[in-house]
Amino acid sequence: MKTWIKRAAIGMGALFGLAGLAVATALHVGEQTRTRVIRVEVAALDLDNSPATLDRGRYLFNSRGCADCHGARGAGRTIIDGDGMLVVAPNITGGANGVVKDYDAGDWLRVLRHGVKPDGRPVQIMPSEDWNRMSDEDAVALISYARQLPPVAGVAARIETPLPFKLMYGLGVIQDAAAKIDHTLPPEPAVTPAVSVQHGMYVANMCMGCHGANLSGGKIAGGPPSWPAAANLTPGPGSVLPRYPDAASFRDMMRSGLRPDGSRVDPAMPFAALRNLNDTDLDAMYHYFQSLPPRATGLRP
């Protein structure tokens, strides 16, 4: 009996030792991943402070999620605080705690499209995959607008993640944006805003970070446990599209956060940004979603 107990204790000790080694290895790999250097060359863009360009940039800043994370003035704000996670988006003005004081146009573009900081390290939490396909014209407008924001004192950026997040990041289950992006792809050509499938596809790039590259939805990797699975935006099994019989009903939901039956969509959806999308962008998105090949919910590439 004593021999059996001794052997069991040795076996349990070995298992705990192996588990500890696996955890330590995943944490080490995660730290190496977080601090890796990514070399991305970006084309030079001529910024433009003309009224029309800044007006377009303001629209993109408010409707594509920039203001939702960094605040209307760009001073930064807390975007996640719960489930063991704390994410404070940085101040992107030239004021106190600002991170962009020494950014040139290329640095802005590298962060925006590629999720890569000026020193080559990845931005750990930023959905740059949503903006990787942004046209040069819109990138110029957005960056030009952000660069001219008046300096304001803001909060210092902070990212604190729980152990499960760190382990999944080390194992590659959770990826930063730079790992998801094909950095060799050229930007999208400019698309004339219109209620068209082509324009809807361009606008819907902003949905990929949560709903997946093929927009079939499913669990959002890296999100807090309290976040629900993202909806299936294709016409496949489990799709939410049947809830919205026309573009007007879809448009109303995106602005109010309420479905046609009066039920509320989970506030994890960034309605503070989505409600600023104009009718053309929203109607084009609706028609694009209707045109997608049907995919089962959560069937991501």
# chains A, B, ... in the order shown; residues from 1 in each chain; ligands from 1

$ residues_around --residues "segment 61-76 of chain A" --least-positions-apart "3" --cutoff "10 Å" --atoms "only C-alpha atoms" --output "JSON list (two decimals) with C-alpha atoms, in the first residue's frame"
[["chain", "number", "residue", "atom", "x", "y", "z"],
["A", 55, "ASP", "CA", -14.01, 66.44, -42.82],
["A", 56, "ARG", "CA", -13.62, 62.94, -44.26],
["A", 57, "GLY", "CA", -11.02, 62.14, -41.59],
["A", 58, "ARG", "CA", -13.37, 63.33, -38.84],
["A", 79, "ILE", "CA", -12.15, 50.28, -22.91],
["A", 80, "ILE", "CA", -12.06, 47.02, -20.92],
["A", 87, "VAL", "CA", -7.14, 47.86, -21.32],
["A", 88, "VAL", "CA", -6.60, 51.62, -21.38],
["A", 89, "ALA", "CA", -6.22, 52.98, -24.90],
["A", 90, "PRO", "CA", -3.44, 55.55, -25.25],
["A", 91, "ASN", "CA", -3.57, 59.29, -25.70],
["A", 92, "ILE", "CA", -3.02, 59.90, -29.43],
["A", 93, "THR", "CA", -2.53, 63.66, -29.15],
["A", 94, "GLY", "CA", 0.63, 65.61, -28.41],
["A", 95, "GLY", "CA", -0.42, 66.21, -24.81],
["A", 96, "ALA", "CA", 0.73, 64.63, -21.54],
["A", 97, "ASN", "CA", 0.93, 60.82, -21.76],
["A", 98, "GLY", "CA", 0.58, 61.04, -25.53],
["A", 126, "MET", "CA", -5.75, 47.07, -31.62],
["A", 127, "PRO", "CA", -7.90, 45.80, -34.50],
["A", 130, "ASP", "CA", -10.03, 46.07, -39.75],
["A", 131, "TRP", "CA", -8.10, 48.90, -41.39],
["A", 141, "ALA", "CA", -7.80, 61.64, -44.35],
["A", 142, "LEU", "CA", -7.85, 59.72, -41.06],
["A", 143, "ILE", "CA", -4.20, 60.32, -40.21],
["A", 145, "TYR", "CA", -7.35, 64.48, -38.93],
["A", 146, "ALA", "CA", -5.79, 62.63, -36.00],
["A", 147, "ARG", "CA", -2.51, 64.53, -36.31],
["A", 149, "LEU", "CA", -6.14, 67.07, -32.85],
["A", 150, "PRO", "CA", -5.25, 69.68, -30.21],
["A", 151, "PRO", "CA", -2.85, 68.40, -27.53],
["A", 152, "VAL", "CA", -4.72, 67.35, -24.40],
["A", 153, "ALA", "CA", -3.54, 65.72, -21.20],
["A", 154, "GLY", "CA", -4.60, 62.11, -21.30],
["A", 155, "VAL", "CA", -4.28, 58.83, -19.50],
["A", 156, "ALA", "CA", -1.29, 56.52, -19.71],
["A", 157, "ALA", "CA", -1.87, 53.40, -21.79],
["A", 203, "VAL", "CA", -16.89, 49.39, -45.32],
["A", 205, "ASN", "CA", -13.66, 45.50, -43.40],
["A", 206, "MET", "CA", -14.26, 47.23, -40.07],
["A", 207, "CYS", "CA", -16.26, 44.20, -38.89],
["A", 270, "PRO", "CA", -19.38, 49.40, -30.54],
["A", 271, "PHE", "CA", -22.57, 51.39, -31.08],
["A", 272, "ALA", "CA", -20.84, 54.63, -30.08],
["A", 273, "ALA", "CA", -19.01, 54.35, -33.41],
["A", 274, "LEU", "CA", -21.60, 52.50, -35.49],
["A", 275, "ARG", "CA", -24.31, 55.08, -34.93],
["A", 276, "ASN", "CA", -22.11, 57.60, -36.74],
["A", 277, "LEU", "CA", -22.07, 55.63, -40.00],
["A", 278, "ASN", "CA", -24.00, 57.44, -42.70]]

$ residues_around --residues "segment 168-179 of chain A" --least-positions-apart "2" --cutoff "7 Å" --atoms "only C-alpha atoms" --output "MDAnalysis selection string"
chainID A and resid 26:27 29:30 114:116 122 124:129 164:166 181 221:222

$ write_last_selection --atoms "C-alpha atoms" --output "PDB file, in the first residue's frame"
ATOM      1  CA  ALA A  26       3.758  29.234 -23.065  1.00  0.00           C
ATOM      2  CA  LEU A  27       4.433  32.377 -21.030  1.00  0.00           C
ATOM      3  CA  VAL A  29       6.827  32.155 -25.970  1.00  0.00           C
ATOM      4  CA  GLY A  30       4.117  34.749 -25.370  1.00  0.00           C
ATOM      5  CA  HIS A 114      -0.232  46.813 -39.852  1.00  0.00           C
ATOM      6  CA  GLY A 115      -0.537  46.913 -36.062  1.00  0.00           C
ATOM      7  CA  VAL A 116       3.204  47.614 -35.745  1.00  0.00           C
ATOM      8  CA  PRO A 122       3.371  44.633 -32.413  1.00  0.00           C
ATOM      9  CA  GLN A 124      -0.965  43.927 -28.681  1.00  0.00           C
ATOM     10  CA  ILE A 125      -4.596  45.049 -28.615  1.00  0.00           C
ATOM     11  CA  MET A 126      -5.746  47.070 -31.619  1.00  0.00           C
ATOM     12  CA  PRO A 127      -7.896  45.799 -34.502  1.00  0.00           C
ATOM     13  CA  SER A 128      -5.565  46.920 -37.278  1.00  0.00           C
ATOM     14  CA  GLU A 129      -6.830  44.020 -39.395  1.00  0.00           C
ATOM     15  CA  PRO A 164      -5.477  32.384 -19.456  1.00  0.00           C
ATOM     16  CA  PHE A 165      -5.079  35.210 -21.971  1.00  0.00           C
ATOM     17  CA  LYS A 166      -1.290  35.113 -21.633  1.00  0.00           C
ATOM     18  CA  ILE A 181      -2.420  40.596 -41.379  1.00  0.00           C
ATOM     19  CA  ALA A 221     -10.656  35.272 -29.368  1.00  0.00           C
ATOM     20  CA  GLY A 222      -9.026  37.481 -26.774  1.00  0.00           C
TER      21      GLY A 222
END

$ closest_residue --among "A:Cys210, A:Leu185, A:Ala204, A:Leu60" --to "Val140 of chain A" --atoms "only C-alpha atoms"
A:Leu60

$ closest_atom_pairs --of "segment 177-249 of chain A" --to "segment 159-162 of chain A" --cutoff "12 Å" --atoms "only C-alpha atoms" --output "tab-separated table"
residue	atom	partner	partner_atom	distance
A:Gly222	CA	A:Thr161	CA	9.5
A:Gly223	CA	A:Thr161	CA	10.4
A:Pro224	CA	A:Thr161	CA	9.6
A:Pro225	CA	A:Pro162	CA	11.1

$ closest_residue --among "A:Pro293, A:Gly120, A:Gly84, A:Gly200" --to "Pro237 of chain A" --atoms "only C-alpha atoms"
A:Pro293

$ select_by_dssp --residues "segment 34-273 of chain A" --states "strand (DSSP E)" --output "list in words"
Thr78, Ile79, Ile80, Asp81, Gly82, Met85, Leu86, Val87, Val88, Arg158, Ile159 and Glu160 of chain A

$ write_last_selection --atoms "C-alpha atoms" --output "compact mmCIF listing (two decimals), in the first residue's frame"
# COMPACT_ATOMS: atom_id res chain seq x y z
CA THR A 78 -10.52 52.69 -20.45
CA ILE A 79 -12.15 50.28 -22.91
CA ILE A 80 -12.06 47.02 -20.92
CA ASP A 81 -12.10 46.71 -17.15
CA GLY A 82 -13.39 43.38 -15.95
CA MET A 85 -8.55 42.42 -17.98
CA LEU A 86 -7.69 46.09 -18.02
CA VAL A 87 -7.14 47.86 -21.32
CA VAL A 88 -6.60 51.62 -21.38
CA ARG A 158 -2.15 50.16 -19.81
CA ILE A 159 -2.74 46.55 -20.75
CA GLU A 160 -3.21 43.96 -18.01

$ select_by_dssp --residues "segment 29-191 of chain A" --states "alpha helix (DSSP H)" --output "PyMOL selection string"
chain A and resi 29-34+51-63+66-70+105-114+136-147+163-171+177-180

$ closest_residue --among "A:Ala296, A:Ser226, A:Gly238, A:Val123" --to "Arg34 of chain A" --atoms "only C-alpha atoms"
A:Val123
